[in-house]
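Peer 1: Contents are mmCIF, C-alpha atoms; file name my_file-v4.cif:
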data_upload
loop_
_atom_site.label_atom_id
_atom_site.label_comp_id
_atom_site.auth_asym_id
_atom_site.auth_seq_id
_atom_site.Cartn_x
_atom_site.Cartn_y
_atom_site.Cartn_z
CA MET J 264 -36.30 5.93 -86.46
CA VAL J 265 -39.97 6.25 -85.64
CA ALA J 266 -39.81 4.52 -82.25
CA THR J 267 -39.57 6.55 -79.05
CA CYS J 268 -36.24 8.02 -78.09
CA GLU J 269 -35.74 5.53 -75.28
CA GLU J 270 -36.58 2.54 -77.47
CA THR J 271 -34.39 3.50 -80.41
CA SER J 272 -31.46 4.62 -78.31
CA ARG J 273 -31.14 1.45 -76.29
CA GLY J 274 -31.46 -1.01 -79.17
CA GLN J 275 -28.71 -3.57 -79.45
CA GLY J 276 -27.05 -5.05 -82.53
CA MET J 277 -27.36 -4.09 -86.17
CA SER J 278 -30.99 -3.76 -87.25
CA LYS J 279 -32.40 -4.50 -90.68
CA ARG J 280 -32.64 -0.75 -91.20
CA GLU J 281 -28.94 -0.35 -90.42
CA ILE J 282 -28.07 -3.14 -92.86
CA LEU J 283 -30.22 -1.63 -95.61
CA ALA J 284 -28.78 1.85 -95.03
CA SER J 285 -25.23 0.50 -95.04
CA THR J 286 -25.86 -1.27 -98.35
CA LEU J 287 -27.42 1.81 -99.95
CA GLU J 288 -24.72 4.21 -98.80
CA ARG J 289 -21.70 2.04 -99.53
CA SER J 290 -22.96 1.12 -102.99
CA GLY J 291 -23.84 4.71 -103.87
CA LEU J 292 -27.42 3.65 -104.56
CA GLY J 293 -28.77 5.84 -101.77
CA ALA J 294 -27.32 8.99 -103.31
CA LEU J 295 -28.56 7.93 -106.76
CA LEU J 296 -32.09 7.30 -105.54
CA SER J 297 -32.10 10.57 -103.61
CA SER J 298 -31.25 12.54 -106.73
CA THR J 299 -33.61 10.72 -109.11
CA VAL J 300 -36.79 8.68 -108.55
CA GLY J 301 -36.51 8.83 -104.75
CA ARG J 302 -35.99 12.58 -104.50
CA TRP J 303 -38.21 14.06 -101.81
CA GLN J 304 -39.53 17.59 -101.38
CA GLY J 305 -40.40 19.49 -98.23
CA LEU J 306 -39.10 19.72 -94.67
CA LEU J 307 -37.27 17.09 -92.62
CA VAL J 308 -36.70 17.94 -88.96
CA PHE J 309 -34.03 16.14 -86.94
CA ASN J 310 -34.34 16.25 -83.17
CA TYR J 311 -31.52 15.95 -80.64
CA HIS J 312 -31.45 16.03 -76.85
CA ARG J 313 -27.93 15.76 -75.50
CA VAL J 314 -24.50 15.89 -77.18
CA GLY J 315 -21.53 14.15 -75.61
CA ASP J 316 -20.50 10.77 -74.22
CA GLY J 317 -23.23 9.45 -71.93
CA SER J 318 -21.81 5.98 -71.40
CA LYS J 319 -20.77 6.60 -67.78
CA THR J 320 -23.46 8.98 -66.51
CA LEU J 321 -25.88 7.92 -63.79
CA PHE J 322 -28.56 9.96 -65.55
CA ASP J 323 -30.51 8.89 -68.63
CA ARG J 324 -28.06 7.56 -71.21
CA GLY J 325 -30.79 7.12 -73.77
CA ILE J 326 -31.14 10.82 -74.57
CA TYR J 327 -27.56 11.30 -75.74
CA SER J 328 -28.11 11.78 -79.45
CA ALA J 329 -24.49 12.00 -80.57
CA THR J 330 -20.95 12.73 -79.50
CA GLN J 331 -19.57 16.11 -80.55
CA ALA J 332 -17.55 14.46 -83.31
CA GLU J 333 -20.59 12.59 -84.60
CA PHE J 334 -22.68 15.74 -84.53
CA ASP J 335 -19.98 17.62 -86.41
CA ARG J 336 -19.97 14.93 -89.11
CA GLN J 337 -23.76 14.97 -89.36
CA VAL J 338 -23.95 18.76 -89.71
CA ALA J 339 -21.19 18.75 -92.34
CA PHE J 340 -23.10 16.16 -94.38
CA LEU J 341 -26.42 17.98 -94.11
CA LYS J 342 -24.98 21.35 -95.02
CA LYS J 343 -23.34 19.91 -98.13
CA GLN J 344 -26.43 18.06 -99.35
CA PHE J 345 -29.44 20.13 -98.21
CA ASP J 346 -30.66 23.56 -97.17
CA ILE J 347 -30.49 23.91 -93.37
CA VAL J 348 -33.18 26.41 -92.47
CA ARG J 349 -34.46 28.40 -89.48
CA ILE J 350 -37.90 28.80 -87.96
CA SER J 351 -38.38 32.08 -89.82
CA ASP J 352 -37.91 30.21 -93.13
CA LEU J 353 -40.65 27.62 -92.57
CA GLU J 354 -43.55 29.49 -94.14
CA GLU J 355 -41.66 29.78 -97.42
CA VAL J 356 -40.09 26.31 -97.22
CA LEU J 357 -43.43 24.56 -96.87
CA HIS J 358 -44.89 26.30 -99.89
CA ARG J 359 -42.12 25.72 -102.43
CA ARG J 360 -40.15 22.90 -103.92
CA GLY J 361 -36.82 21.99 -102.36
CA ARG J 362 -35.32 19.86 -99.60
CA ALA J 363 -35.00 21.68 -96.31
CA ILE J 364 -33.56 20.44 -93.02
CA LEU J 365 -34.34 21.92 -89.61
CA LEU J 366 -32.20 20.92 -86.61
CA THR J 367 -33.79 21.04 -83.17
CA PHE J 368 -32.78 20.33 -79.57
CA ASP J 369 -35.12 19.70 -76.65
CA ASP J 370 -34.92 20.51 -72.94
CA GLY J 371 -32.00 22.97 -72.58
CA TYR J 372 -29.07 20.80 -71.46
CA ARG J 373 -25.81 22.65 -70.95
CA ASP J 374 -23.96 20.34 -73.35
CA ASN J 375 -26.06 21.90 -76.12
CA TYR J 376 -24.18 25.12 -75.41
CA ASP J 377 -20.81 23.49 -74.70
CA PHE J 378 -20.70 21.02 -77.60
CA ALA J 379 -23.47 21.61 -80.17
CA PHE J 380 -23.35 25.41 -80.35
CA PRO J 381 -19.62 25.54 -81.29
CA VAL J 382 -20.16 22.97 -84.06
CA LEU J 383 -23.08 24.91 -85.49
CA SER J 384 -21.11 28.16 -85.31
CA ARG J 385 -18.11 26.58 -87.02
CA HIS J 386 -20.33 25.39 -89.88
CA GLN J 387 -22.11 28.76 -90.00
CA THR J 388 -25.50 27.19 -89.60
CA SER J 389 -28.35 27.30 -87.10
CA ALA J 390 -30.58 25.12 -84.93
CA THR J 391 -33.62 25.66 -82.73
CA PHE J 392 -33.31 25.02 -78.99
CA PHE J 393 -36.55 24.33 -77.12
CA LEU J 394 -36.06 25.28 -73.48
CA THR J 395 -37.84 23.91 -70.42
CA SER J 396 -37.83 27.21 -68.55
CA GLY J 397 -38.09 25.75 -65.05
CA PHE J 398 -34.89 23.77 -65.57
CA LEU J 399 -32.97 26.93 -66.45
CA ASP J 400 -34.48 28.58 -63.38
CA GLY J 401 -32.93 25.98 -61.11
CA GLY J 402 -35.84 23.56 -60.96
CA PRO J 403 -35.67 19.90 -59.95
CA LEU J 404 -33.89 17.15 -61.82
CA ALA J 405 -35.80 16.04 -64.92
CA TRP J 406 -38.01 13.03 -64.15
CA TRP J 407 -36.33 10.80 -66.76
CA ASP J 408 -32.90 11.59 -65.36
CA GLU J 409 -34.10 10.93 -61.81
CA ILE J 410 -35.58 7.56 -62.76
CA ALA J 411 -32.31 6.59 -64.45
CA TRP J 412 -30.29 7.83 -61.47
CA MET J 413 -32.34 5.69 -59.06
CA VAL J 414 -31.89 2.55 -61.16
CA HIS J 415 -28.19 3.11 -61.88
CA SER J 416 -27.47 3.95 -58.23
CA SER J 417 -29.51 1.14 -56.66
CA ARG J 418 -27.78 -1.72 -54.84
CA GLU J 419 -30.85 -3.91 -55.32
CA SER J 420 -30.88 -6.84 -57.75
CA TRP J 421 -34.64 -6.78 -58.20
CA LEU J 422 -37.31 -4.13 -58.36
CA PHE J 423 -40.45 -5.65 -56.91
CA PRO J 424 -43.97 -4.83 -58.14
CA HIS J 425 -45.94 -1.99 -56.59
CA HIS J 426 -49.15 -0.13 -57.33
CA ASP J 427 -48.03 1.46 -60.62
CA LEU J 428 -45.58 -1.28 -61.63
CA PRO J 429 -47.29 -4.66 -62.00
CA GLU J 430 -44.25 -6.72 -62.96
CA LEU J 431 -40.93 -7.74 -61.40
CA LEU J 432 -37.86 -6.06 -62.93
CA SER J 433 -34.34 -7.44 -62.73
CA LEU J 434 -31.47 -5.07 -61.98
CA ALA J 435 -28.84 -7.81 -61.98
CA THR J 436 -26.91 -6.71 -65.08
CA ALA J 437 -26.17 -3.43 -66.83
CA ASP J 438 -28.38 -4.37 -69.78
CA GLU J 439 -31.23 -5.33 -67.46
CA ARG J 440 -30.94 -1.98 -65.70
CA GLU J 441 -31.21 -0.17 -69.03
CA ALA J 442 -34.27 -2.27 -69.90
CA ALA J 443 -35.77 -1.47 -66.49
CA ILE J 444 -35.28 2.26 -67.12
CA VAL J 445 -37.12 1.97 -70.45
CA ARG J 446 -40.01 0.22 -68.70
CA LEU J 447 -40.15 2.71 -65.84
CA LEU J 448 -40.11 5.68 -68.21
CA HIS J 449 -43.00 4.10 -70.10
CA VAL J 450 -44.96 3.70 -66.87
CA TYR J 451 -44.25 7.28 -65.78
CA LYS J 452 -45.43 8.68 -69.11
CA SER J 453 -48.71 6.79 -68.80
CA LEU J 454 -49.59 8.23 -65.38
CA PRO J 455 -52.00 11.08 -64.62
CA ALA J 456 -50.06 14.17 -63.61
CA GLU J 457 -51.23 13.97 -60.00
CA ARG J 458 -49.65 10.52 -59.53
CA THR J 459 -46.19 11.20 -60.91
CA THR J 460 -44.66 12.52 -57.68
CA ILE J 461 -45.99 9.55 -55.72
CA PHE J 462 -44.51 7.23 -58.34
CA LEU J 463 -41.06 8.81 -57.97
CA ASP J 464 -41.29 8.69 -54.17
CA ARG J 465 -42.18 5.00 -54.24
CA LEU J 466 -39.48 4.23 -56.77
CA GLY J 467 -36.92 5.89 -54.51
CA GLU J 468 -38.08 3.64 -51.69
CA ARG J 469 -38.04 0.47 -53.81
CA THR J 470 -34.58 1.11 -55.24
CA GLY J 471 -33.24 2.08 -51.81
CA THR J 472 -31.78 5.32 -53.15
CA GLY J 473 -34.44 7.79 -52.10
CA ARG J 474 -35.08 10.79 -54.35
CA CYS J 475 -32.09 12.21 -56.18
CA PRO J 476 -30.43 15.15 -54.37
CA PRO J 477 -31.47 18.29 -56.31
CA GLU J 478 -27.94 19.71 -56.22
CA LEU J 479 -26.88 17.03 -58.72
CA ALA J 480 -28.92 18.89 -61.36
CA ARG J 481 -27.14 22.19 -60.72
CA HIS J 482 -24.82 22.06 -63.73
CA LEU J 483 -26.99 20.04 -66.12
CA TRP J 484 -28.79 22.97 -67.67
CA MET J 485 -27.93 26.06 -69.66
CA THR J 486 -27.99 29.42 -67.95
CA TRP J 487 -30.07 32.27 -69.30
CA ASP J 488 -26.84 34.04 -70.24
CA MET J 489 -25.98 31.06 -72.45
CA ALA J 490 -29.42 31.10 -74.06
CA ARG J 491 -29.12 34.83 -74.76
CA GLU J 492 -25.69 34.37 -76.32
CA MET J 493 -26.96 31.63 -78.60
CA ASP J 494 -29.95 33.76 -79.54
CA ARG J 495 -27.69 36.70 -80.42
CA CYS J 496 -25.47 34.43 -82.51
CA GLY J 497 -28.22 33.19 -84.81
CA MET J 498 -29.71 30.24 -82.98
CA ASP J 499 -33.48 30.08 -82.55
CA ILE J 500 -35.06 29.59 -79.13
CA GLY J 501 -38.46 28.00 -78.52
CA GLY J 502 -40.68 26.87 -75.66
CA HIS J 503 -40.90 23.42 -74.05
CA THR J 504 -43.11 24.14 -70.98
CA VAL J 505 -41.97 24.94 -67.43
CA SER J 506 -41.48 21.44 -65.99
CA HIS J 507 -41.84 19.00 -68.92
CA PRO J 508 -45.10 17.23 -68.01
CA VAL J 509 -47.01 14.98 -70.39
CA LEU J 510 -49.52 17.66 -71.32
CA ALA J 511 -52.30 15.26 -72.33
CA HIS J 512 -52.32 13.92 -68.77
CA SER J 513 -52.61 17.37 -67.20
CA SER J 514 -55.72 19.47 -66.63
CA LEU J 515 -56.41 22.31 -69.05
CA SER J 516 -55.56 24.85 -66.35
CA ALA J 517 -52.24 23.10 -65.68
CA GLN J 518 -51.48 22.97 -69.41
CA ARG J 519 -52.24 26.67 -69.72
CA GLU J 520 -49.88 27.44 -66.84
CA GLU J 521 -47.09 25.36 -68.36
CA ILE J 522 -47.47 26.80 -71.86
CA PHE J 523 -48.09 30.46 -71.09
CA THR J 524 -45.67 30.80 -68.16
CA SER J 525 -42.74 29.24 -70.01
CA LYS J 526 -43.35 31.41 -73.07
CA GLN J 527 -43.50 34.56 -70.97
CA ARG J 528 -40.36 33.60 -69.05
CA ILE J 529 -38.32 32.89 -72.17
CA GLU J 530 -39.49 36.07 -73.90
CA LEU J 531 -38.63 38.10 -70.81
CA GLN J 532 -35.11 36.67 -70.78
CA LEU J 533 -34.54 37.08 -74.53
CA GLY J 534 -36.27 40.42 -74.93
CA HIS J 535 -38.33 39.38 -77.95
CA PRO J 536 -41.23 37.05 -78.87
CA ILE J 537 -40.78 33.35 -79.64
CA THR J 538 -43.00 31.53 -82.12
CA SER J 539 -42.12 27.83 -81.83
CA PHE J 540 -42.81 25.09 -79.30
CA SER J 541 -42.05 21.40 -78.96
CA TYR J 542 -44.34 19.01 -77.11
CA PRO J 543 -42.79 17.24 -74.12
CA VAL J 544 -42.44 13.53 -75.03
CA GLY J 545 -44.00 14.45 -78.37
CA GLN J 546 -45.81 11.20 -79.15
CA PRO J 547 -49.36 11.37 -80.63
CA ASP J 548 -50.96 10.62 -77.25
CA SER J 549 -48.93 13.20 -75.31
CA PHE J 550 -50.91 16.24 -76.50
CA THR J 551 -54.46 16.93 -77.65
CA GLU J 552 -56.46 19.31 -79.81
CA ALA J 553 -57.08 21.31 -76.65
CA THR J 554 -53.30 21.57 -76.18
CA GLN J 555 -52.95 22.88 -79.71
CA ALA J 556 -55.71 25.43 -79.09
CA LEU J 557 -53.81 26.71 -76.05
CA LEU J 558 -50.63 27.04 -78.11
CA HIS J 559 -52.51 29.05 -80.73
CA GLU J 560 -53.97 31.25 -78.00
CA ALA J 561 -50.50 31.78 -76.53
CA GLY J 562 -49.22 33.05 -79.88
CA TYR J 563 -47.21 30.07 -81.06
CA ARG J 564 -47.15 29.58 -84.83
CA TRP J 565 -45.24 26.30 -84.94
CA ALA J 566 -45.29 23.23 -82.71
CA PHE J 567 -43.25 20.06 -83.16
CA SER J 568 -44.02 16.47 -82.28
CA PHE J 569 -41.59 13.56 -82.00
CA SER J 570 -42.88 10.50 -83.81
CA GLY J 571 -41.04 10.42 -87.12
CA GLY J 572 -41.86 11.43 -90.67
CA PHE J 573 -41.36 14.55 -92.78
CA SER J 574 -43.55 17.33 -94.18
CA SER J 575 -44.40 17.68 -97.85
CA PRO J 576 -45.06 21.16 -99.31
CA GLY J 577 -48.58 22.35 -98.54
CA LYS J 578 -49.34 19.30 -96.37
CA VAL J 579 -48.43 20.28 -92.84
CA ASN J 580 -50.26 21.04 -89.64
CA GLN J 581 -48.27 23.95 -88.24
CA LEU J 582 -49.09 22.83 -84.69
CA ASN J 583 -47.99 19.24 -85.33
CA VAL J 584 -44.82 19.28 -87.41
CA PRO J 585 -43.17 15.83 -87.32
CA ARG J 586 -39.57 15.29 -86.25
CA VAL J 587 -37.17 12.37 -86.53
CA PRO J 588 -35.26 11.47 -83.34
CA VAL J 589 -31.50 11.11 -83.59
CA ALA J 590 -30.62 8.16 -81.35
CA PRO J 591 -27.17 7.45 -79.88
CA HIS J 592 -25.01 4.96 -81.72
CA ILE J 593 -26.88 5.51 -84.98
CA SER J 594 -24.48 4.73 -87.80
CA HIS J 595 -23.51 7.53 -90.13
CA GLU J 596 -24.89 5.44 -92.99
CA LEU J 597 -28.35 5.29 -91.38
CA PHE J 598 -28.24 9.01 -90.62
CA GLN J 599 -27.37 9.74 -94.27
CA SER J 600 -30.07 7.41 -95.57
CA THR J 601 -32.67 9.02 -93.30
CA ALA J 602 -31.84 12.42 -94.77
CA ARG J 603 -31.61 11.19 -98.35
CA LEU J 604 -34.68 8.91 -98.26
CA PRO J 605 -36.99 10.02 -95.42
CA TRP J 606 -39.99 8.36 -97.09
CA LEU J 607 -38.22 5.05 -96.37
CA PHE J 608 -36.26 5.71 -93.15
CA ALA J 609 -37.84 8.65 -91.28
#
As a first step, turn the structure in this file into structure tokens.
Peer 2:
Amino acid sequence: MVATCEETSRGQGMSKREILASTLERSGLGALLSSTVGRWQGLLVFNYHRVGDGSKTLFDRGIYSATQAEFDRQVAFLKKQFDIVRISDLEEVLHRRGRAILLTFDDGYRDNYDFAFPVLSRHQTSATFFLTSGFLDGGPLAWWDEIAWMVHSSRESWLFPHHDLPELLSLATADEREAAIVRLLHVYKSLPAERTTIFLDRLGERTGTGRCPPELARHLWMTWDMAREMDRCGMDIGGHTVSHPVLAHSSLSAQREEIFTSKQRIELQLGHPITSFSYPVGQPDSFTEATQALLHEAGYRWAFSFSGGFSSPGKVNQLNVPRVPVAPHISHELFQSTARLPWLFA
């Protein structure tokens, strides 16, 4: 579970990790190891994006982390076996012995409110929701969803090379379209910020779809009323920039605008300060030391990446806390093994 969200979520078949986790969980060896020689200490952070059934959507299917039923089962397991903590607990958690779990969600999709929030409330536990403020303010469709929409909606069988895409991509089958989306997302994330709009314009031309109509994004995101309700009911809210750029590819002035403006907007809507942030994309090359310095200047105490691993007591960079992505179709056995034995699976 250390690959990118898109790569893990679109994998096919049963991996060696799935087989190992299934063997450990069904034999009871995983639970035994977790309570004896394999017992870990510290903080393990699970990260989700969307909750629901994404199998038919024209948007990005790879960011659906779980169905509501799967999420309910995961939360029930974690609450029984571990301490599920909040942002305000982290200082203590990372300086004492124990096994703490933090649940996080990125972007601010409405299904987080519709499907995840009721599950968390029913289990009387909490999660942190990192909001892309521009999306809640009625901004454009997220770039990953627009790329997926173009590919899923295209009537073309091939996507021919262009300036930012050196190879030919087949769109002949459903699986090939999903593979094409993975490749296109990878290309987009590698581009300087000033070339991303041109890339999307050209992709719209090549797929024959044009750019996605902005009204299709109207009901994808939470409202500020929803965010305030969740905040009042014990959920934590954090920042995730204004428009979800790859910060490392943006100028320092643009990074400052994204970081400071989103924080101010969220705090204005909630009526109190926020102290946590998650990096868009979250891979090691998607933010820099300069990004971390801006977060510190903005008043953030915690920032979360997205490349796997867990934090041992006393050994954490508060502005680079690792998280484990929860990919769709992950078996419950692999989810359990990741929580029980993160040194092996996270």
Peer 1: Can you work out the spacing between atom CA of Phe392 of chain J and atom CA of Phe598 of chain J in Å, to one decimal?
Peer 2: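 Interatomic distance, atom CA of Phe392 of chain J to atom CA of Phe598 of chain J: 20.4 Å.
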Peer 1: Excluding Glu430 of chain J and its own-chain neighbours fewer than 2 positions away, which residues fall within 12 Å of it when counting all atoms listed in the file? Please give them as an NGL selection string.
Peer 2: :J and (421-428 or 432-433 or 443 or 446-447 or 450)
Peer 1: Taking the file as shown, find all residues satisfying the PyMOL selection byres ((chain J and resi 367-382) around 7) and write them as number ranges by chain.
Peer 2: J: 309-314, 331, 335, 365-366, 383-386, 390-395, 483-485, 489, 503
Peer 1: Is it possible to get the residues within 12 Å of (-41.7, 28.2, -86.7) (coordinates as in the file, counting all atoms listed in the file) written as an MDAnalysis selection string?
Peer 2: chainID J and resid 306 308 348:357 365:367 390:393 499:502 536:541 562:567 580:584
Peer 1: Excluding segment 281-288 of chain J and its own-chain neighbours fewer than 2 positions away, which residues fall within 10 Å of it when counting only C-alpha atoms? Please give them as a list in words.
Peer 2: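 Those residues are Gly276, Met277, Ser278, Lys279, Ser290, Gly291, Leu292, Gly293, Ala294, Leu295, Leu296, Ile593, Ser594, His595, Glu596, Leu597, Phe598, Gln599, Ser600, Thr601, Arg603, Leu604 and Phe608 of chain J.
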Peer 1: Evaluate the PyMOL selection byres ((chain J and resi 464) around 12) against this structure - the residues, as a list in words, please.
Peer 2: Trp406, Glu409, Ile410, Met413, His425, Asp427, Arg458, Thr459, Thr460, Ile461, Phe462, Leu463, Arg465, Leu466, Gly467, Glu468, Arg469, Thr470, Gly471, Thr472, Gly473, Arg474 and Cys475 of chain J
Peer 1: Kindly give the distance, in Å, that separates atom CA of Glu441 of chain J and atom CA of Pro585 of chain J, rounded to a single decimal.
Peer 2: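 Result for atom CA of Glu441 of chain J versus atom CA of Pro585 of chain J: 27.1 Å, one decimal.
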Peer 1: If we count only C-alpha atoms and set the cut-off at 9 Å, which residues sit around Gln546 of chain J, ignoring sequence neighbours fewer than 3 positions away in its own chain? Please answer as a list in words.
Peer 2: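 Contacts, with the query itself left out: Thr267, Tyr542, Pro543, Ser549, Phe550, Ser568, Phe569 and Ser570 of chain J.
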